[in-house]
Every structure is written in C-alpha cells, then in structure tokens.
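Asks: data-v3.txt is the file, holding compact mmCIF, C-alpha atoms and all ligand atoms:
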```txt
# COMPACT_ATOMS: atom_id res chain seq x y z
CA MET A 1 137.51 66.58 128.25
CA GLN A 2 141.01 65.16 127.85
CA LEU A 3 142.15 62.03 126.07
CA VAL A 4 145.55 60.39 126.38
CA TRP A 5 147.06 59.07 123.13
CA THR A 6 149.54 56.18 123.17
CA THR A 7 150.77 54.32 120.12
CA ASP A 8 152.63 51.04 119.55
CA PRO A 9 152.94 50.11 123.24
CA HIS A 10 153.99 46.50 122.33
CA PHE A 11 153.04 45.40 125.85
CA ASP A 12 154.61 41.97 125.27
CA HIS A 13 158.00 43.74 125.57
CA VAL A 14 157.01 45.64 128.73
CA ASP A 15 157.92 44.37 132.21
CA ALA A 16 155.65 44.89 135.22
CA ASP A 17 157.54 47.94 136.51
CA GLU A 18 157.35 49.69 133.14
CA PHE A 19 153.65 48.91 132.81
CA ASP A 20 153.04 50.35 136.28
CA ARG A 21 155.04 53.46 135.39
CA TRP A 22 153.00 53.97 132.20
CA PHE A 23 149.75 53.31 134.07
CA ALA A 24 150.69 55.83 136.80
CA ASP A 25 151.66 58.41 134.16
CA VAL A 26 148.31 58.02 132.40
CA ALA A 27 146.32 57.97 135.66
CA SER A 28 148.07 61.14 136.91
CA ARG A 29 146.53 63.08 134.00
CA SER A 30 143.01 61.96 135.06
CA PRO A 31 141.98 61.54 131.41
CA ASP A 32 138.44 60.91 130.25
CA GLY A 33 139.60 58.28 127.77
CA ILE A 34 142.60 56.63 126.12
CA ILE A 35 143.31 56.24 122.41
CA ILE A 36 145.73 53.45 121.38
CA THR A 37 146.71 53.38 117.70
CA GLY A 38 147.72 49.74 117.37
CA ASP A 39 150.53 47.25 117.98
CA LEU A 40 149.36 46.44 121.51
CA SER A 41 151.09 43.05 121.47
CA GLU A 42 151.19 39.85 119.38
CA GLY A 43 148.98 36.76 119.12
CA ASP A 44 146.95 35.60 122.13
CA ASP A 45 148.71 38.16 124.30
CA VAL A 46 146.81 40.97 122.51
CA PHE A 47 143.69 39.79 124.33
CA VAL A 48 145.48 39.29 127.62
CA GLN A 49 146.67 42.90 127.36
CA LEU A 50 143.26 44.24 126.35
CA ARG A 51 141.73 42.52 129.40
CA ARG A 52 144.50 43.93 131.56
CA LEU A 53 143.76 47.44 130.24
CA ALA A 54 140.05 46.93 130.82
CA SER A 55 140.67 45.93 134.43
CA SER A 56 143.27 48.68 135.04
CA PHE A 57 141.13 51.58 133.84
CA THR A 58 137.48 52.49 134.26
CA ILE A 59 137.51 55.12 131.48
CA PRO A 60 136.78 54.31 127.79
CA ILE A 61 139.70 52.77 125.91
CA TYR A 62 139.47 53.42 122.17
CA PHE A 63 141.80 51.27 120.08
CA VAL A 64 142.65 50.01 116.62
CA LEU A 65 144.87 47.03 115.88
CA GLY A 66 148.29 47.19 114.24
CA ASN A 67 150.07 44.61 112.07
CA HIS A 68 151.81 42.98 115.09
CA ASP A 69 148.44 42.34 116.73
CA PHE A 70 147.61 39.86 113.93
CA TYR A 71 150.78 37.78 114.41
CA LYS A 72 150.36 34.03 115.06
CA SER A 73 146.81 34.19 113.67
CA SER A 74 144.87 35.56 110.72
CA ILE A 75 143.51 39.06 110.15
CA GLY A 76 139.89 37.85 110.17
CA LYS A 77 140.16 35.72 113.32
CA THR A 78 141.99 38.44 115.24
CA ARG A 79 139.43 41.08 114.34
CA GLN A 80 136.62 38.72 115.30
CA ARG A 81 138.23 38.05 118.68
CA ALA A 82 138.61 41.80 119.27
CA VAL A 83 134.96 42.37 118.42
CA SER A 84 133.88 39.54 120.77
CA LEU A 85 136.01 40.84 123.61
CA THR A 86 134.52 44.33 123.38
CA ARG A 87 131.05 42.81 123.72
CA ASP A 88 131.76 41.79 127.33
CA GLN A 89 134.25 44.54 128.23
CA THR A 90 132.00 47.52 127.70
CA HIS A 91 134.60 50.26 128.11
CA LEU A 92 136.83 48.73 125.42
CA HIS A 93 135.95 50.25 122.04
CA TYR A 94 137.43 48.66 118.91
CA LEU A 95 137.10 51.61 116.53
CA THR A 96 137.45 49.46 113.39
CA ASP A 97 134.22 47.73 114.38
CA ILE A 98 132.12 50.75 115.30
CA GLY A 99 130.87 54.03 113.86
CA PRO A 100 131.71 57.60 114.86
CA ILE A 101 131.83 58.38 118.58
CA GLN A 102 130.77 61.85 119.62
CA LEU A 103 133.32 63.28 122.07
CA SER A 104 131.80 66.73 122.39
CA GLU A 105 129.47 69.01 120.47
CA GLY A 106 130.73 68.93 116.86
CA VAL A 107 133.72 66.65 117.67
CA TYR A 108 133.83 63.00 116.59
CA LEU A 109 136.28 60.10 116.83
CA VAL A 110 136.49 57.39 114.18
CA GLY A 111 139.10 54.68 113.59
CA GLU A 112 140.33 51.92 111.35
CA ASP A 113 143.30 49.55 111.58
CA GLY A 114 144.67 50.33 108.10
CA TRP A 115 147.36 48.36 106.30
CA GLY A 116 150.66 49.03 104.51
CA ASP A 117 148.94 48.47 101.19
CA ALA A 118 151.61 48.42 98.46
CA THR A 119 150.03 51.38 96.68
CA ILE A 120 152.80 53.92 97.37
CA GLY A 121 156.50 53.52 96.58
CA ASN A 122 158.12 50.77 94.56
CA TYR A 123 156.82 47.39 95.70
CA GLU A 124 158.52 45.37 92.93
CA ALA A 125 162.02 46.77 93.57
CA SER A 126 161.77 46.79 97.37
CA PRO A 127 164.12 44.40 99.21
CA ILE A 128 162.01 44.75 102.41
CA ARG A 129 160.46 41.54 103.76
CA LEU A 130 158.32 42.23 106.80
CA GLY A 131 157.88 39.77 109.65
CA ASP A 132 154.17 40.08 108.80
CA PHE A 133 154.63 37.76 105.83
CA GLU A 134 155.82 34.88 108.04
CA GLN A 135 153.77 35.70 111.11
CA ILE A 136 150.27 36.37 109.73
CA ASP A 137 148.39 33.40 108.26
CA ASP A 138 146.95 35.43 105.35
CA PHE A 139 150.40 36.06 103.83
CA ARG A 140 152.45 32.98 104.71
CA MET A 141 151.95 30.92 101.55
CA ALA A 142 151.60 33.85 99.14
CA THR A 143 153.98 34.62 96.28
CA SER A 144 155.23 38.19 95.93
CA ASN A 145 152.53 39.00 93.35
CA GLN A 146 149.79 37.43 95.45
CA ARG A 147 151.05 39.32 98.48
CA LYS A 148 150.82 42.61 96.63
CA SER A 149 147.17 41.90 95.77
CA LEU A 150 146.42 40.87 99.35
CA LEU A 151 148.01 44.06 100.73
CA GLN A 152 146.13 46.22 98.25
CA GLN A 153 142.87 44.47 99.12
CA GLN A 154 143.45 45.10 102.84
CA GLY A 155 144.07 48.79 102.13
CA ALA A 156 141.01 49.07 99.89
CA ASP A 157 138.79 47.35 102.47
CA SER A 158 140.12 49.61 105.25
CA ALA A 159 139.54 52.74 103.17
CA GLU A 160 136.01 51.66 102.30
CA ARG A 161 135.09 50.93 105.94
CA LEU A 162 136.53 54.27 107.03
CA ARG A 163 134.79 56.13 104.19
CA THR A 164 131.44 54.70 105.31
CA LYS A 165 132.10 55.87 108.87
CA LEU A 166 133.14 59.35 107.77
CA LEU A 167 129.96 59.65 105.69
CA SER A 168 127.95 59.00 108.84
CA VAL A 169 129.65 61.84 110.76
CA PRO A 170 126.95 64.54 111.07
CA GLN A 171 127.25 67.40 108.59
CA ASN A 172 127.59 69.97 111.38
CA ALA A 173 130.81 68.38 112.68
CA LYS A 174 133.71 70.78 113.06
CA GLU A 175 136.45 68.34 114.11
CA VAL A 176 136.99 64.67 113.27
CA LEU A 177 139.76 62.68 114.94
CA ILE A 178 140.82 59.62 112.96
CA ALA A 179 142.78 56.90 114.77
CA THR A 180 144.63 54.44 112.55
CA HIS A 181 147.81 52.37 112.77
CA ILE A 182 149.49 52.97 109.42
CA PRO A 183 150.38 56.48 108.19
CA PRO A 184 148.01 57.21 105.30
CA PHE A 185 150.52 59.38 103.41
CA ALA A 186 154.23 59.06 102.57
CA GLU A 187 154.57 62.64 103.92
CA ALA A 188 153.44 61.34 107.34
CA CYS A 189 155.67 58.27 107.34
CA TRP A 190 158.55 59.48 109.52
CA TYR A 191 161.84 57.83 110.37
CA GLU A 192 164.48 59.81 112.28
CA GLY A 193 163.06 63.14 111.11
CA ARG A 194 162.83 62.14 107.44
CA THR A 195 159.98 60.64 105.48
CA THR A 196 159.99 57.20 103.93
CA ASP A 197 161.82 56.17 100.78
CA GLU A 198 160.23 54.25 97.90
CA TYR A 199 161.29 50.86 99.31
CA TRP A 200 159.68 51.18 102.75
CA ALA A 201 156.61 53.09 101.58
CA PRO A 202 154.72 50.05 100.21
CA PHE A 203 154.70 48.54 103.73
CA PHE A 204 154.53 51.70 105.83
CA VAL A 205 151.85 53.77 104.09
CA CYS A 206 148.15 53.01 103.62
CA GLY A 207 147.70 54.89 100.35
CA SER A 208 144.08 53.86 99.88
CA ILE A 209 143.11 55.53 103.14
CA GLY A 210 145.20 58.58 102.21
CA GLN A 211 143.45 59.02 98.87
CA MET A 212 140.03 58.60 100.47
CA LEU A 213 140.88 61.07 103.27
CA MET A 214 142.09 63.68 100.83
CA ASP A 215 138.81 63.46 98.89
CA ALA A 216 136.80 63.55 102.13
CA CYS A 217 138.55 66.60 103.59
CA LEU A 218 138.32 68.56 100.35
CA ALA A 219 134.59 67.82 100.22
CA ARG A 220 134.09 69.26 103.72
CA PRO A 221 136.39 72.29 104.06
CA GLU A 222 134.48 73.59 107.09
CA CYS A 223 135.54 70.55 109.11
CA ASN A 224 139.02 69.94 110.54
CA TRP A 225 140.44 66.42 110.10
CA THR A 226 143.17 65.21 112.47
CA VAL A 227 144.77 61.81 111.94
CA LEU A 228 146.60 59.99 114.77
CA CYS A 229 148.78 57.10 113.62
CA GLY A 230 151.85 55.06 114.56
CA HIS A 231 153.67 52.05 113.09
CA THR A 232 156.96 53.81 112.21
CA HIS A 233 157.87 54.37 115.92
CA HIS A 234 159.16 57.82 114.90
CA ASP A 235 157.19 61.00 115.34
CA GLY A 236 156.37 63.83 113.02
CA VAL A 237 153.59 66.11 111.86
CA ALA A 238 152.42 66.48 108.27
CA LYS A 239 149.91 69.04 107.06
CA LEU A 240 148.38 67.63 103.90
CA ALA A 241 145.70 70.27 103.39
CA GLU A 242 144.42 73.36 105.17
CA ASN A 243 142.02 71.14 107.16
CA LEU A 244 143.98 67.83 107.25
CA THR A 245 146.87 67.19 109.64
CA VAL A 246 148.51 63.84 110.37
CA TYR A 247 150.32 63.22 113.66
CA THR A 248 152.58 60.17 113.68
CA GLY A 249 153.54 58.94 117.15
CA ALA A 250 156.88 57.69 118.46
CA ALA A 251 157.44 54.44 120.33
CA GLN A 252 160.27 52.56 121.96
CA TYR A 253 160.06 48.83 122.67
CA GLY A 254 159.76 48.15 126.39
CA HIS A 255 158.92 51.73 127.34
CA PRO A 256 155.30 52.66 126.57
CA ALA A 257 154.73 56.40 126.71
CA ILE A 258 152.09 59.06 126.36
CA GLU A 259 152.36 60.48 122.85
CA ALA A 260 150.08 63.45 123.44
CA ILE A 261 147.11 64.78 125.34
CA ILE A 262 144.10 65.68 123.25
CA GLU A 263 142.03 68.46 124.71
CA VAL A 264 138.49 68.34 123.44
CA GLU A 265 136.13 71.28 123.65
CA PRO A 266 132.88 71.97 121.81
CA ASN A 267 133.67 72.15 118.08
CA ARG A 268 137.42 71.78 118.48
CA ALA A 269 140.19 69.46 119.61
CA ALA A 270 143.81 70.42 120.30
CA LEU A 271 146.76 68.08 120.54
CA VAL A 272 149.30 68.88 123.24
CA ARG A 273 152.64 67.05 123.12
FE FE B 301 154.87 49.05 116.27
FE FE B 302 153.11 48.39 113.23
```
Could you rewrite the structure in this file as structure tokens?
Replies:
Amino acid sequence: MQLVWTTDPHFDHVDADEFDRWFADVASRSPDGIIITGDLSEGDDVFVQLRRLASSFTIPIYFVLGNHDFYKSSIGKTRQRAVSLTRDQTHLHYLTDIGPIQLSEGVYLVGEDGWGDATIGNYEASPIRLGDFEQIDDFRMATSNQRKSLLQQQGADSAERLRTKLLSVPQNAKEVLIATHIPPFAEACWYEGRTTDEYWAPFFVCGSIGQMLMDACLARPECNWTVLCGHTHHDGVAKLAENLTVYTGAAQYGHPAIEAIIEVEPNRAALVR
C-alpha cells in the first residue's frame, strides 16, 4: 500500500486552482491513504477544510492538528470539534484521539498533535513571541512564567498520550510510523538546512515527546520508529538512534505539496521523496 504525506498545507492560504492542483497530484498517485501532519488552517476554517477533504477523497485521511489549527479558539474546544467531526466523517481519522492503526502486517501508524513545549533551548532569554500567544485562548492572558508552565503541560500531556498508544502497539511490530506536528528533537528542527538555535527551540521542539520516544525506541530495538513532522516548513532528516529517524517536511504558504510517498509492505515502510 502507498500513503501520501503532506504537512502544513495551510489551506486558508490556498486558492481554488492550487487546491485542485494539489488534489490532482495526490489523486494521480492513487494512494491508499493520506497523512497530514498539522496546520491545515485556522479557526472555524479547519473544519470547513476537513469536510472538504472528506468529500474530495474516499480514502482514509489520517491527521493531527498543528498550532495554527487552534487559532481563534482554545486547544480543548478545537480538539473536541475534531473528535466530533470524525464521528460522522468515517474516513477522517484524528490520530490524537485514537490508538494505533495497523497498516500492514507488523506496521502501525500512531499520531499526536504535540506542542512546542519550552523544554529545549533557552525560554527565558528568547525574544520570540509566537502568534499562538495572541491567537489561542489558553495563552492570551498568561504571563511569561504562566505560559512556560502551560507549554510544558501541553508537551507532557502529548507525550503521555503518545506513550500510552505506543505501549498498545503489539510486541511483534517491526515498524511504527509516528505522525506529529512539532519536531520532537532539536536535531530534527530544520530551518534552511540548519537546526534550530536556543531561542527558537522552546517553541519549535516538543522535548517531552522526544524524551519519551528515545526511551521507547531503546526499549524495543527490534522495531523501527519513523517520525513524520512539520511546523518549521523546512525539510530535513535526523537519525537519532539506529532505529529512530525523524523526517521533517517542507511547506510553502499557498502551495500545498506532497512531502513524500510512504510505501508500506509487511513488516516495513519506506519513505520516498
Ligand atoms: Fe505551519
Ligand atoms: Fe505549526
């Protein structure tokens, strides 16, 4: 089977011609499913776009949400709306809400939104102020210290949900694909061919997920762990351990693209760019 991976499509910046071009590109590969690693749109339009995807494709669409998807609302309300939507659109699969999906014998897909969780880099000295802090209800009234705790809590909650899912992947699994929005390691947080500095890292790395993944992959050396993420809009590959590789996808506002094709066979998956 083949899956198409797209990240950060930001469909609210995409005109009808560009959407049609992306749709035709995806359809021409005749994939068996699509993986979208977050930042579909912003606010109410996230759900307009998810419905549009559901009516455009008949194959399963596996997605997580990115930070932009929570704009003009709260994290909790947005996740709840995504869960509700997937209850009536049965080929939409919100990976944050569900357990491992078996793609083939020994090959599983899991996912989690993730969050830039202020655990890596130098939060206190960073001059970076993300739009998130004005646009997402959870952060709007928070002081810098409160914001740091909120970010760390989001990361910890994400890591715990993902850990629970990984524990339920059968012991005979040989390949686990992990879809998430935020790079889990500074080494996977690419920008123009270089990795993040200490000022961007607090907002562009989900360190809690990274730590949990490292423990998980070391505990199961016979299984290969492949992470697909986005958020930086710049691509790169980072090998964190013999059995743990992180692919970060590129994106350009207004021009959604196919990041890679994932070829799934029994007990293995290969990413073709
Ligand atoms: Fe994005
Ligand atoms: Fe993002």
Asks: Need to verify the contact set: Phe63 in chain A, 8 Å, all atoms listed in the file, exclusion of same-chain residues closer than 4 positions in sequence. Can you return it as a list in words?
Replies: Ile35, Ile36, Thr37, Gly38, Leu92, His93, Tyr94, Leu95, Gly111 and Ala179 of chain A
Asks: Which polymer residues, whether protein, DNA or RNA, lie within 12 Å of the coordinate (130.5, 61.1, 121.2) when you count all atoms listed in the file? List them as a PDB file with C-alpha atoms, in the frame of the given file, using the chain letters and numbers from the file.
Replies:
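And here is the file that came out, point18.pdb:
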```
ATOM      1  CA  MET A   1     137.510  66.580 128.250  1.00  0.00           C
ATOM      2  CA  GLY A  33     139.600  58.280 127.770  1.00  0.00           C
ATOM      3  CA  PRO A  60     136.780  54.310 127.790  1.00  0.00           C
ATOM      4  CA  TYR A  62     139.470  53.420 122.170  1.00  0.00           C
ATOM      5  CA  GLY A  99     130.870  54.030 113.860  1.00  0.00           C
ATOM      6  CA  PRO A 100     131.710  57.600 114.860  1.00  0.00           C
ATOM      7  CA  ILE A 101     131.830  58.380 118.580  1.00  0.00           C
ATOM      8  CA  GLN A 102     130.770  61.850 119.620  1.00  0.00           C
ATOM      9  CA  LEU A 103     133.320  63.280 122.070  1.00  0.00           C
ATOM     10  CA  SER A 104     131.800  66.730 122.390  1.00  0.00           C
ATOM     11  CA  GLU A 105     129.470  69.010 120.470  1.00  0.00           C
ATOM     12  CA  GLY A 106     130.730  68.930 116.860  1.00  0.00           C
ATOM     13  CA  VAL A 107     133.720  66.650 117.670  1.00  0.00           C
ATOM     14  CA  TYR A 108     133.830  63.000 116.590  1.00  0.00           C
ATOM     15  CA  LEU A 109     136.280  60.100 116.830  1.00  0.00           C
ATOM     16  CA  VAL A 110     136.490  57.390 114.180  1.00  0.00           C
ATOM     17  CA  VAL A 169     129.650  61.840 110.760  1.00  0.00           C
ATOM     18  CA  PRO A 170     126.950  64.540 111.070  1.00  0.00           C
ATOM     19  CA  ALA A 173     130.810  68.380 112.680  1.00  0.00           C
ATOM     20  CA  GLU A 175     136.450  68.340 114.110  1.00  0.00           C
ATOM     21  CA  VAL A 176     136.990  64.670 113.270  1.00  0.00           C
ATOM     22  CA  LEU A 177     139.760  62.680 114.940  1.00  0.00           C
ATOM     23  CA  VAL A 264     138.490  68.340 123.440  1.00  0.00           C
ATOM     24  CA  GLU A 265     136.130  71.280 123.650  1.00  0.00           C
ATOM     25  CA  PRO A 266     132.880  71.970 121.810  1.00  0.00           C
ATOM     26  CA  ASN A 267     133.670  72.150 118.080  1.00  0.00           C
TER      27      ASN A 267
END
```
Asks: Collect all residues with atoms no farther than 6 Å from ligand FE 301 (chain B), counting only C-alpha atoms and all ligand atoms, and output them as an MDAnalysis selection string.
Replies: chainID A and resid 8 39 231
Asks: How many Å lie between CA of Ser30 in chain A and CA of Asp45 in chain A, rounded to one decimal?
Replies: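 Between CA of Ser30 in chain A and CA of Asp45 in chain A the gap works out to 26.7 Å.
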Asks: Nearest to ligand FE 302 (chain B) among A:Arg81, A:Arg220, A:His233, A:Arg87, with distances taken over all atoms listed in the file: which residue is it?
Replies: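 Using all atoms listed in the file, ligand FE 302 (chain B) sits closest to A:His233.
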Asks: Check which residues fall inside 12 Å of ligand FE 302 (chain B) when counting all atoms listed in the file, and print them as a PyMOL selection string.
Replies: chain A and resi 7-10+37-42+64-71+113-116+130-132+180-183+189+203-206+229-234+248-251+253
Asks: Any idea what the distance is between CA of Ala270 in chain A and CA of Leu167 in chain A?
Replies: 22.8 Å
Asks: Find the residue from A:Ser55, A:Gln135, A:Thr96, A:Thr226 that sits nearest to Gln80 in chain A; use all atoms listed in the file when measuring.
Replies: A:Thr96
Asks: Measuring between all atoms listed in the file, which one of A:Arg29, A:His91, A:Arg129, A:Arg79 shows the shortest distance to Leu53 in chain A?
Replies: A:His91
Asks: So which one's closest to His13 in chain A, A:Pro256, A:Ile261, A:Gly121, A:Leu166? Using all atoms listed in the file, please.
Replies: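 Using all atoms listed in the file, the shortest distance to His13 in chain A belongs to A:Pro256.
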Asks: Taking all atoms listed in the file into account, which of A:Glu160, A:Asp235, A:Glu242, A:Glu18 comes nearest Gln211 in chain A?
Replies: A:Glu160
Asks: Every residue with an atom at most 10 Å from (147.1, 67.3, 107.8) (file coordinates; all atoms listed in the file) is what I'm after, so could you write them as a PyMOL selection string?
Replies: chain A and resi 185+187-188+213-214+217+224-227+237-247
Asks: Could you please determine the separation between CA of Phe133 in chain A and CA of Ala159 in chain A in Å, to one decimal place?
Replies: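 Separating CA of Phe133 in chain A from CA of Ala159 in chain A is a distance of 21.4 Å.
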Asks: From the list A:Ala142, A:Ala118, A:Ala257, A:Cys223, which residue is nearest Ser208 in chain A when using all atoms listed in the file?
Replies: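 When distances to Ser208 in chain A are compared using all atoms listed in the file, the smallest one comes from A:Ala118.
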